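Structure file entry_36.txt with compact mmCIF, C-alpha atoms:
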# COMPACT_ATOMS: atom_id res chain seq x y z
CA MET A 72 94.69 111.61 28.04
CA VAL A 73 96.96 108.59 27.77
CA THR A 74 95.34 105.30 28.75
CA ARG A 75 97.19 103.55 31.54
CA THR A 76 98.51 100.11 30.69
CA ARG A 77 97.14 97.59 33.16
CA PHE A 78 98.89 94.46 34.35
CA ASP A 79 96.24 93.07 36.70
CA THR A 80 95.77 89.96 34.53
CA SER A 81 99.45 89.40 33.81
CA GLU A 82 100.99 86.01 34.55
CA CYS A 83 103.98 87.80 36.12
CA PRO A 84 103.82 88.56 39.87
CA VAL A 85 106.14 91.57 39.44
CA ALA A 86 103.83 93.09 36.81
CA ARG A 87 100.77 92.58 39.00
CA SER A 88 102.59 94.12 41.97
CA VAL A 89 103.57 97.15 39.90
CA ASP A 90 99.95 97.43 38.78
CA ALA A 91 98.84 97.59 42.42
CA ILE A 92 101.48 99.90 43.95
CA GLY A 93 103.86 100.79 41.17
CA ASP A 94 103.98 104.57 41.15
CA TRP A 95 106.28 106.58 43.35
CA TRP A 96 103.50 108.39 45.22
CA SER A 97 101.87 105.11 46.26
CA LEU A 98 105.14 103.66 47.50
CA LEU A 99 105.90 106.85 49.44
CA ILE A 100 102.39 106.80 50.96
CA VAL A 101 103.01 103.22 52.10
CA ARG A 102 106.43 104.26 53.47
CA ASP A 103 104.80 107.08 55.43
CA ALA A 104 102.11 104.72 56.73
CA PHE A 105 104.88 102.49 58.11
CA ASP A 106 106.39 105.62 59.68
CA GLY A 107 103.10 106.34 61.46
CA SER A 108 101.22 108.71 59.15
CA ARG A 109 97.48 108.03 59.22
CA ARG A 110 95.65 111.17 58.16
CA PHE A 111 95.33 112.85 54.79
CA GLY A 112 96.99 116.02 56.10
CA GLU A 113 99.96 114.08 57.47
CA PHE A 114 100.57 112.41 54.12
CA GLN A 115 100.11 115.72 52.29
CA ARG A 116 102.57 117.59 54.54
CA SER A 117 105.17 114.83 54.37
CA LEU A 118 105.01 114.33 50.62
CA GLY A 119 104.12 117.81 49.38
CA VAL A 120 101.92 116.13 46.76
CA ALA A 121 98.90 117.88 45.25
CA LYS A 122 95.67 117.03 47.07
CA ASN A 123 94.00 115.61 43.96
CA ILE A 124 96.91 113.23 43.34
CA LEU A 125 97.01 112.17 46.99
CA THR A 126 93.26 111.57 46.97
CA ALA A 127 93.54 109.39 43.86
CA ARG A 128 96.48 107.37 45.22
CA LEU A 129 94.83 106.84 48.61
CA ARG A 130 91.65 105.69 46.86
CA THR A 131 93.65 103.23 44.72
CA LEU A 132 95.48 101.86 47.78
CA VAL A 133 92.17 101.45 49.65
CA ASP A 134 90.48 99.84 46.62
CA GLY A 135 93.46 97.51 46.27
CA GLY A 136 93.28 96.42 49.90
CA VAL A 137 96.67 97.93 50.87
CA LEU A 138 95.13 100.55 53.16
CA GLU A 139 91.75 100.81 54.81
CA SER A 140 89.90 103.96 55.72
CA ALA A 141 88.76 103.97 59.35
CA PRO A 142 87.23 106.47 61.75
CA ALA A 143 89.87 108.58 63.48
CA SER A 144 91.26 106.92 66.59
CA ASP A 145 90.73 110.12 68.59
CA GLY A 146 86.97 110.10 67.98
CA SER A 147 87.03 113.19 65.74
CA ALA A 148 85.16 113.42 62.45
CA TYR A 149 88.35 112.73 60.48
CA ARG A 150 89.18 109.49 58.69
CA GLU A 151 92.48 107.68 59.00
CA TYR A 152 94.30 105.37 56.62
CA VAL A 153 95.58 102.18 58.20
CA LEU A 154 97.74 99.48 56.64
CA THR A 155 95.92 96.21 56.14
CA PRO A 156 97.71 92.86 56.45
CA LYS A 157 98.22 93.08 52.66
CA GLY A 158 99.79 96.52 53.16
CA GLU A 159 101.96 95.35 56.05
CA ALA A 160 103.26 92.58 53.79
CA LEU A 161 104.94 95.37 51.76
CA PHE A 162 107.39 95.98 54.64
CA PRO A 163 110.22 93.90 53.09
CA VAL A 164 109.69 95.74 49.78
CA ILE A 165 110.05 99.14 51.48
CA VAL A 166 113.10 97.92 53.44
CA ALA A 167 114.68 96.57 50.23
CA LEU A 168 114.11 99.90 48.43
CA ARG A 169 115.52 101.79 51.41
CA GLN A 170 118.61 99.60 51.59
CA TRP A 171 119.15 99.81 47.83
CA GLY A 172 118.87 103.60 48.08
CA GLU A 173 121.33 103.75 50.98
CA GLN A 174 123.87 101.80 48.91
CA ASN A 175 123.31 103.46 45.53
CA SER A 176 121.80 106.93 45.94
CA PHE A 177 124.08 108.69 48.42
CA ALA A 178 127.68 109.78 48.26
CA PRO A 179 129.97 108.24 50.90
CA GLY A 180 129.37 110.04 54.20
CA GLU A 181 126.28 111.85 52.92
CA PRO A 182 123.66 111.92 55.68
CA HIS A 183 120.33 110.14 55.20
CA SER A 184 117.50 108.76 57.29
CA GLN A 185 118.05 105.34 58.76
CA LEU A 186 115.72 102.52 59.72
CA VAL A 187 116.66 101.01 63.07
CA ASP A 188 115.48 98.22 65.34
CA ARG A 189 113.34 99.92 68.02
CA ARG A 190 114.52 97.59 70.78
CA GLN A 191 118.27 97.87 70.20
CA GLY A 192 118.51 101.09 68.18
CA HIS A 193 120.80 99.42 65.63
CA PRO A 194 120.44 99.58 61.83
CA LEU A 195 118.87 96.55 60.18
CA ARG A 196 121.03 93.90 58.55
CA ALA A 197 120.92 93.91 54.77
CA LEU A 198 118.09 91.84 53.36
CA GLU A 199 119.17 88.65 51.71
CA VAL A 200 117.48 86.33 49.25
CA LEU A 201 117.79 82.82 50.58
CA SER A 202 117.02 79.41 49.15
CA GLU A 203 114.70 77.05 50.95
CA ASP A 204 117.74 75.45 52.61
CA GLY A 205 119.19 78.81 53.69
CA ARG A 206 121.81 79.41 50.98
CA ARG A 207 122.29 83.03 49.90
CA LEU A 208 121.18 83.44 46.28
CA ASN A 209 122.11 85.93 43.59
CA PRO A 210 120.38 86.43 40.21
CA ALA A 211 122.50 83.77 38.49
CA ASP A 212 121.24 81.22 41.04
CA THR A 213 117.58 81.68 40.09
CA ALA A 214 115.31 81.05 37.12
CA VAL A 215 111.73 82.06 36.36
CA HIS A 216 109.41 79.23 35.38
CA LYS A 217 106.87 80.92 33.12
CA VAL A 218 103.40 79.60 32.57
CA SER A 219 102.19 78.98 29.04
CA SER A 220 100.26 81.82 27.43
CA ARG A 221 96.51 81.86 27.80
CA ARG A 222 94.66 82.09 24.54
Re-express the file's structure as structure tokens.
Amino acid sequence: MVTRTRFDTSECPVARSVDAIGDWWSLLIVRDAFDGSRRFGEFQRSLGVAKNILTARLRTLVDGGVLESAPASDGSAYREYVLTPKGEALFPVIVALRQWGEQNSFAPGEPHSQLVDRRQGHPLRALEVLSEDGRRLNPADTAVHKVSSRR
């Protein structure tokens, strides 16, 4: 079995984020949690993922503080998976992936699901990266200030 490369001590926030939620099943579980899925069976039906993989990903998301396991809200013996504040903070990430997919993964006119504002029923505006003073930024407008290597 191949040993997984870990990034949980990396100095890069992107690497640490990928370490926490960087596989497609985990991101799709988080997406489904935002869409209202809470129970193992709901995630399994939506994703069509093997139960052992789903179990492992849910455990990783719970261990990482993205989801928490709670007694079922209906009082049954089932457990539910609920987004924590850390998990809810992934909302802009999911929206950004969705918007990128809408722009780059569908042919013009090809139907796809759409995220809308519940109150007005309108699609969301495109996410923007803004400077502290409100200017729209693109990659050429930014720089990464790296920390010196630990030795």
Answer as a list in words, residues within 10 Å of (119.8, 92.7, 50.9) using all atoms listed in the file: Pro163, Val166, Ala167, Leu168, Gln170, Trp171, Arg196, Ala197, Leu198, Glu199 and Val200 of chain A
Pick from A:Glu151, A:Asp134, A:Trp96, A:Arg77 nearest to Gly112 in chain A, counting only C-alpha atoms: A:Glu151
8 Å contact set for Tyr149 in chain A, all atoms listed in the file, chain neighbours under 3 positions out, as a PyMOL selection string: chain A and resi 110+142-143
Top pick for closest residue to Arg102 in chain A, considering A:Ala214, A:Leu201, A:Leu118, A:Ile124 and counting all atoms listed in the file: A:Leu118
Residues near range 179-186 of chain A, cut-off 9 Å, all atoms listed in the file, skip fewer than 5 positions along chain, as a list of chain:residue names: A:Val166, A:Arg169, A:Glu173, A:His193, A:Pro194, A:Leu195
Top pick for closest residue to Gly135 in chain A, considering A:Ile92, A:Val153, A:Leu99, A:Ala121 and counting only C-alpha atoms: A:Ile92
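Residues surrounding range 158-161 of chain A within 9 Å are A:Val101, A:Phe105, A:Leu132, A:Gly136, A:Val137, A:Leu138, A:Val153, A:Leu154, A:Ile165, A:Val166 [all atoms listed in the file; sequence separation below 4 positions excluded].
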Nearest-residue call for Glu82 in chain A, choices A:Ser140, A:Asn123, A:Ser147, A:Ser219, using all atoms listed in the file: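 Under the stated criterion, the closest residue is A:Ser219.
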Between CA of Thr131 in chain A and CA of Val89 in chain A, distance in Å (one decimal):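 That distance, rounded to one decimal, is 12.6 Å.
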